[in-house]
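Participant: What follows is a structure written as structure tokens; I'll ask about it next.
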Amino acid sequence: MSLGRREFLAWGTAATAGAALAPVISLVELAQARSPEEAASSLRRWGLLIDITKCADCDECVTACHTENGVANNGRPRTDAQWIRKVNLRDKRTAVAQTLPLMCQHCEDPPCVDVCPTGASFKRDDGIVLVDKHTCIGCRYCVMACPYGARSFVHETVTGQRPDVPRGKGTVESCTLCVHRVDRGDAPACVEACNRDGGKAMLFGDLNDASAEIHRRLHAEPSAQVRADLALDTGVRYQGL
Amino acid sequence: MNRIAVALLTLLLTFAGLAHPNDQRAGRVAVPVVKIEKSGTCVAPTEEMRRDHMKMLFHQRDRTVRQGFREPRFSLKGCVECHASRESGSVLGKEGFCSSCHAYASVKMDCFECHSSSRHQGPVGARR
């Protein structure tokens with residue numbers, strides 16, 4: 001059986017229309033929240049933009065993070081886990097002071113992943129850097145490799161974990177960008193708290209999504225990476241640094 | 001000839017069974033308590049769950065952590081939501097769904113050193 005001229009032309013038209021529609025369809029899909037049956041996509045890159053000029057002298061982000069993730073304060077600052085912290089900067093000559101939240105910067109080329117001997121430290125397809133605690137042996141190479149001091153080792157037995165955030169003694173952990181919230185379409189707890197009770201300095205979004213506000217601002221306004229000299233291409237960017 | 005052999009074997013096995021009666025074993029090792037307080041069906045038939053629940057959990061854990069799939073079917077959180085005890089709200093403890101069977105089978109599980117062993121939405125009766 002062979003195709004007649006008319007049939008061939010009809011098929012050709014349909015195929016062309018399909019090819020023209022395909023990008024539109026994929027854009028629509030991106031704009032919607034991911035379903036639980038869908039894997040994290042490398043088309044996305046989650047990130048934060050933090051405007052330090054608006055960062056108030058509070059620690060709402062730190063409190064919200066540690067509440068959300070069940071990170072308890074045992075009153076032992078040398079060994080207590082710390083997923084996010086406020087860093088105070090002060091110019092010695094001019095005495096101009098700044099304050100900023102610092103957490104895992106979710107690098108494109110993370111040093112913690114390079115040094116991990118078991119592959120427990122990894123970067124998910126959507127750019128979120130995580131520790132697979134099932135394979136973490138607690139060697140703490142990543143703690144040493146991270147230039148931002150973002151990782152903590154869990155020194156003590158943990159009880160009362162949040163159902164979405166498993167934590168246990170003998171493993172390394174750090175900011176997960178609230179991956180459990182991101183997967184259900186919410187912003188990280190720190191961003192939510194900052195925009196509710198803090199200085200409205202934090203913005204969360206997909207760095208690859210041209211329609212996202214974070215994408216627009218990063219392309220229109222100047223921003224900086226902490227330790228940009230290391231060329232890690234961080235997912236967390238700062239303004240006013 | 002075969003029939004006689006089978007009959008003899010059956011007889012022998014019966015006596016062997018009598019020599020170690022079940023109640024004697026139960027006296028030494030606590031028999032697991034399997035109380036399922038939430039009605040409805042599990043994610044797979046009971047026989048399959050008994051044999052393969054660990055494989056399901058292993059498979060799902062890598063899919064979730066590494067790839068970001070969040071299917072509710074084989075999630076550990078889902079197991080705990082259904083199987084936690086009405087009194088303690090937990091799958092651990094003396095009569096806990098997970099711990100009593102694992103104690104009987106002498107299989108150590110370390111899931112709940114990191115994962116929450118408690119139902120989060122309150123006791124079964126109080127669910128919406």
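Quick note on naming: the chains in the structure tokens go A, B, ... in the order shown, residues restart at 1 in each chain, and ligands are numbered from 1 in order of appearance.
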With 6 Å as the cut-off and only C-alpha atoms counted, what is the closest atom pair between each nearby residue of chain A and chain B? Distances in Å to one decimal, ordered by chain and number, as a tab-separated table.

Facilitator:
residue	atom	partner	partner_atom	distance
A:Pro36	CA	B:Arg70	CA	4.4
A:Glu37	CA	B:Glu71	CA	5.4
A:Glu38	CA	B:Phe69	CA	5.7
A:Ala39	CA	B:Phe69	CA	4.9
A:Ala40	CA	B:Gly68	CA	5.1
A:Gln161	CA	B:Ser116	CA	5.3
A:Pro163	CA	B:Ser116	CA	5.2
A:Pro166	CA	B:His115	CA	4.6
A:Arg167	CA	B:Cys114	CA	4.6
A:Gly168	CA	B:Cys114	CA	4.4

Participant: Neighbouring residues of Val236 (chain A) were defined as those with any atom within 7 Å, considering only C-alpha atoms; residues of the same chain fewer than 4 positions away were excluded. Please report them as a short mmCIF file (atom, residue, chain, number, x, y, z; two decimals) with N, CA and C atoms, in the first residue's frame.

Facilitator:
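See result_12.cif below for the written result:
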data_model
loop_
_atom_site.label_atom_id
_atom_site.label_comp_id
_atom_site.auth_asym_id
_atom_site.auth_seq_id
_atom_site.Cartn_x
_atom_site.Cartn_y
_atom_site.Cartn_z
N GLY A 47 16.49 28.47 42.60
CA GLY A 47 17.47 29.37 43.19
C GLY A 47 16.81 30.44 44.04
N LEU A 48 17.65 31.23 44.69
CA LEU A 48 17.19 32.31 45.55
C LEU A 48 17.87 33.61 45.14
N LEU A 49 17.15 34.70 45.31
CA LEU A 49 17.76 36.02 45.15
C LEU A 49 17.50 36.78 46.45
N GLN A 105 24.62 27.13 49.00
CA GLN A 105 24.42 28.01 47.85
C GLN A 105 23.97 27.25 46.61
N HIS A 106 23.76 25.95 46.75
CA HIS A 106 23.26 25.10 45.66
C HIS A 106 24.00 25.36 44.35
#

Participant: Do you have the CA of Leu100 (chain A)-CA of Arg85 (chain A) distance handy?

Facilitator: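 Pair CA of Leu100 (chain A) / CA of Arg85 (chain A) returns 8.3 Å.
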
Participant: From the set A:Ala81, A:Cys107, A:Leu207, A:Ala212, which residue has the shortest atom-to-atom contact distance to Ala228 (chain A), counting only C-alpha atoms?

Facilitator: A:Cys107

Participant: Using only C-alpha atoms, find the one residue out of B:Cys101, B:Val29, B:Val43, B:Asp52 that sits nearest to Ser75 (chain B).

Facilitator: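 Between B:Cys101, B:Val29, B:Val43, B:Asp52, the residue approaching Ser75 (chain B) most closely is B:Val43.
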
Participant: Please indicate the distance in Å from CA of Ser174 (chain A) to CA of Ser152 (chain A), rounded to one decimal place.

Facilitator: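 CA of Ser152 (chain A) lies 6.2 Å from CA of Ser174 (chain A).
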
Participant: Determine the nearest neighbour of Leu241 (chain A) from the options A:Ile50, A:Arg93, A:Lys86, A:Ala33, counting only C-alpha atoms.

Facilitator: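 Nearest to Leu241 (chain A): A:Ile50.
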
Participant: By how many Å are CA of Asn208 (chain A) and CA of Leu43 (chain A) apart?

Facilitator: 7.1 Å

Participant: Near Ser100 (chain B), within 9 Å and counting only C-alpha atoms, which residues show up once chain neighbours fewer than 5 positions away are dropped, as a list in words?

Facilitator: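 The contact residues come out as Ala30, Val31, Pro32, Val33, Val34, Val91, Leu92, Gly93, Lys94, Glu95 and Ala105 of chain B.
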
Participant: Between A:Gln82, A:Thr171, A:Thr63, A:Asn73, which residue has the minimum interatomic distance to Ala120 (chain A), considering only C-alpha atoms?

Facilitator: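 Among A:Gln82, A:Thr171, A:Thr63, A:Asn73, it is A:Thr171 that comes nearest to Ala120 (chain A).
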